[in-house]
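This report concerns only the one structure given below.
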Amino acid sequence: MRIKLLIWFGILISTTLPLNAQTFEESIALASKKVEMAMDSQLLPGIAVSVYADGKMWSDGFGYSNLESKSPIIPEISRFRIGSISKTLTAAALSRLYEDGAIDLDANVDQYYTGFPDKGNPITIKQLAGHLSGIRHYQGNEFLNSKRYENVQDGLSIFKDSPLLFAPGEKYSYSYYGYNLLSAVIEQVSKMLFLQYMQDQVFSPLEMLHTVPDYPEKIIPGRVEFYERKGDVFLNAPFVDNSYKWAGGGFLSTSTDLMLFARAHLDYTFVSEETFDTFTASQKTNAGEETGYGVGWRTANDRFGRHYVGHSGGSVGGTSMLMIYPAEKVIVILLVNCTQANIGNLASEIANDFIK
């Protein structure tokens, strides 16, 4: 009888434990298998992965940074186009000015920068950073822009004469170019060039040693090759010059650099908890509809219903995902050197493997 009771008790314990209550090493094995399956199913050239959970970090590289030389992905070294995660980095720069009292998020843009034409409706800093401004997104082949823009003001020329799509606050409409204007504001307020301010106030303090502007003509050690896929065939991605959109999508980074960035926000060592909550809180339209976007941060629930904040990124030759789970203290970062990889669900599945 005692043996039967012990067996029954063991069965009860095993069935009541969470299914994902495995060790950190077992979580790594599960996640690695999912990354490999995604690479096979989507025919991806390479992926850098960094995960923080349970006070530990795991980083690994899968596939190749260069298909011709078969060079491996090294998370600490391999620099990818991070696309719109650049907006979250820019938001970090803005948060510094906000905490210093140099910028009021509810103030109008023209209070800080007067070089943008009057559109008949005032735009607040918060609306600008939350895609509520009415400033347009890409048109035509602008995503493949290969022209060099020497400074932030030159980049404004692409869209500054375009009319607003709607009155600010009326609706949510994603806009890369809103962040061009935001970078001009940051320059004006900080009295520094935007790229220098990013280096001095974000990258250097966080020791993000491998995060740099994506100058195509420069020799940048570790920069991966950029690919796109046509059916089952890889092609080199088209040449682009991302100087027209530094703030919104022009940076290179590594998964480990982005982990430093994410950890500093999760632990409130970069900005205060109050500031982080302000920047990650979903904004609302004038009609009170939630947008799911704060100030440079998306805020949403993943496929398992867990809340996260972060950003995705899509570049010519790059796809990226950064997800922070504040309640679970888990971070997942994925970087791929290929256009339009489908990694959103993969990131949430990896997070699920590590959440106890």
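Ligands are numbered from 1 in the order shown, chains are lettered A, B, ... in the order of the structure tokens, and residues start at 1 in each chain.
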Which residues come within 8 Å of A:Tyr138, counting only C-alpha atoms, excluding same-chain residues fewer than 5 positions away, as a list in words? Phe143, Ser175, Tyr176 and Tyr177 of chain A
With only C-alpha atoms counted and 8 Å as the cut-off, give the residues of stretch 58-123 of chain A in contact with stretch 197-202 of chain A, each with its shortest interatomic distance in Å and the pair that gives it, as a Markdown table.
```
| residue | atom | partner | partner_atom | distance |
| --- | --- | --- | --- | --- |
| A:Leu89 | CA | A:Val202 | CA | 7.6 |
| A:Thr90 | CA | A:Met198 | CA | 7.4 |
| A:Ala92 | CA | A:Val202 | CA | 6.9 |
| A:Ala93 | CA | A:Val202 | CA | 6.2 |
| A:Arg96 | CA | A:Gln201 | CA | 7.5 |
```
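Atom CA of A:Pro45 is positioned 7.6 Å from atom CA of A:Val336.
When only C-alpha atoms are used to measure the gap to A:Asn242, the shortest distance among A:Gln188, A:Asn180, A:Asn345, A:Gln340 belongs to A:Asn180.
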Residues of stretch 15-190 of chain A in helix (DSSP H, G or I) according to DSSP, as number ranges by chain? A: 15-16, 24-42, 85-99, 109-111, 125-129, 142-144, 152-156, 177-190
Do a neighbour search on A:Leu335 at 8 Å with only C-alpha atoms, toss out local chain neighbours closer than 5 positions, and write the hits as number ranges by chain. A: 47-49, 80, 82, 254-255, 318-321
Write to file, as an mmCIF file, in the first residue's frame, the residues of the selection just made, with C-alpha atoms.
```cif
data_model
loop_
_atom_site.group_PDB
_atom_site.id
_atom_site.type_symbol
_atom_site.label_atom_id
_atom_site.label_comp_id
_atom_site.auth_asym_id
_atom_site.auth_seq_id
_atom_site.Cartn_x
_atom_site.Cartn_y
_atom_site.Cartn_z
ATOM 1 C CA ILE A 47 20.183 33.900 -37.111
ATOM 2 C CA ALA A 48 21.732 35.409 -33.989
ATOM 3 C CA VAL A 49 19.821 34.637 -30.783
ATOM 4 C CA PHE A 80 22.911 42.994 -38.551
ATOM 5 C CA ILE A 82 18.131 46.019 -37.044
ATOM 6 C CA THR A 254 24.562 42.631 -32.526
ATOM 7 C CA SER A 255 22.164 40.532 -30.486
ATOM 8 C CA GLY A 318 17.544 42.149 -42.410
ATOM 9 C CA THR A 319 14.766 41.145 -40.017
ATOM 10 C CA SER A 320 14.856 41.658 -36.266
ATOM 11 C CA MET A 321 12.831 41.190 -33.089
#
```
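All residues of protein, DNA or RNA that reach within 9 Å of stretch 270-275 of chain A, judged by only C-alpha atoms and not counting those fewer than 2 positions away in the chain, are Ala92, Ser95, Arg96, Tyr98, Glu99, Val202, Pro205, Leu206, Phe261, Ala264, His265, Leu266, Asp267, Tyr268, Asp277, Thr278, Phe279 and Thr280 of chain A.
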Give me a file of those residues, with C-alpha atoms, as a CSV table (one decimal), in the first residue's frame.
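Writing the result to result.csv gives the following:
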```
chain,number,residue,atom,x,y,z
A,92,ALA,CA,16.1,55.9,-25.5
A,95,SER,CA,14.1,59.5,-22.8
A,96,ARG,CA,17.3,61.1,-21.6
A,98,TYR,CA,12.8,63.8,-21.1
A,99,GLU,CA,14.3,62.9,-17.8
A,202,VAL,CA,23.0,55.7,-25.5
A,205,PRO,CA,26.9,54.5,-21.5
A,206,LEU,CA,25.5,51.0,-22.2
A,261,PHE,CA,20.1,47.8,-24.1
A,264,ALA,CA,19.2,48.3,-18.9
A,265,HIS,CA,15.6,49.0,-19.5
A,266,LEU,CA,14.3,45.9,-17.7
A,267,ASP,CA,16.4,46.7,-14.7
A,268,TYR,CA,15.7,50.4,-14.8
A,277,ASP,CA,6.3,53.0,-18.0
A,278,THR,CA,5.5,56.3,-19.7
A,279,PHE,CA,7.4,55.4,-22.9
A,280,THR,CA,6.0,51.9,-23.1
```
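Secondary structure of stretch 162-261 of chain A, strand (DSSP E) only (DSSP, backbone atoms): Val212, Pro213, Tyr227, Glu228, Arg229, Lys230, Val233, Phe234, Leu235, Asn236, Phe251, Leu252 and Ser253 of chain A.
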From the list A:Ser146, A:Ser133, A:Asn151, A:Thr114, the nearest residue to A:Leu165 using only C-alpha atoms is A:Ser133
Kindly assemble as JSON lines a list of the stretch 121-215 of chain A residues that lie within 7 Å of stretch 293-305 of chain A, each paired with its nearest atom pair and their distance in Å to one decimal, using only C-alpha atoms, sorted first by chain and then by ascending residue number.
```
{"residue": "A:Lys126", "atom": "CA", "partner": "A:Val295", "partner_atom": "CA", "distance": 6.5}
{"residue": "A:Ala129", "atom": "CA", "partner": "A:Val295", "partner_atom": "CA", "distance": 5.1}
{"residue": "A:Gly130", "atom": "CA", "partner": "A:Val295", "partner_atom": "CA", "distance": 5.2}
```
What would the file look like if the residues just selected were written as an mmCIF file, in the first residue's frame with C-alpha atoms?
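Heads up, here's the output in selection_2.cif:
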```cif
data_model
loop_
_atom_site.group_PDB
_atom_site.id
_atom_site.type_symbol
_atom_site.label_atom_id
_atom_site.label_comp_id
_atom_site.auth_asym_id
_atom_site.auth_seq_id
_atom_site.Cartn_x
_atom_site.Cartn_y
_atom_site.Cartn_z
ATOM 1 C CA LYS A 126 4.406 62.152 -28.234
ATOM 2 C CA ALA A 129 7.041 59.218 -31.660
ATOM 3 C CA GLY A 130 3.827 57.187 -31.530
#
```
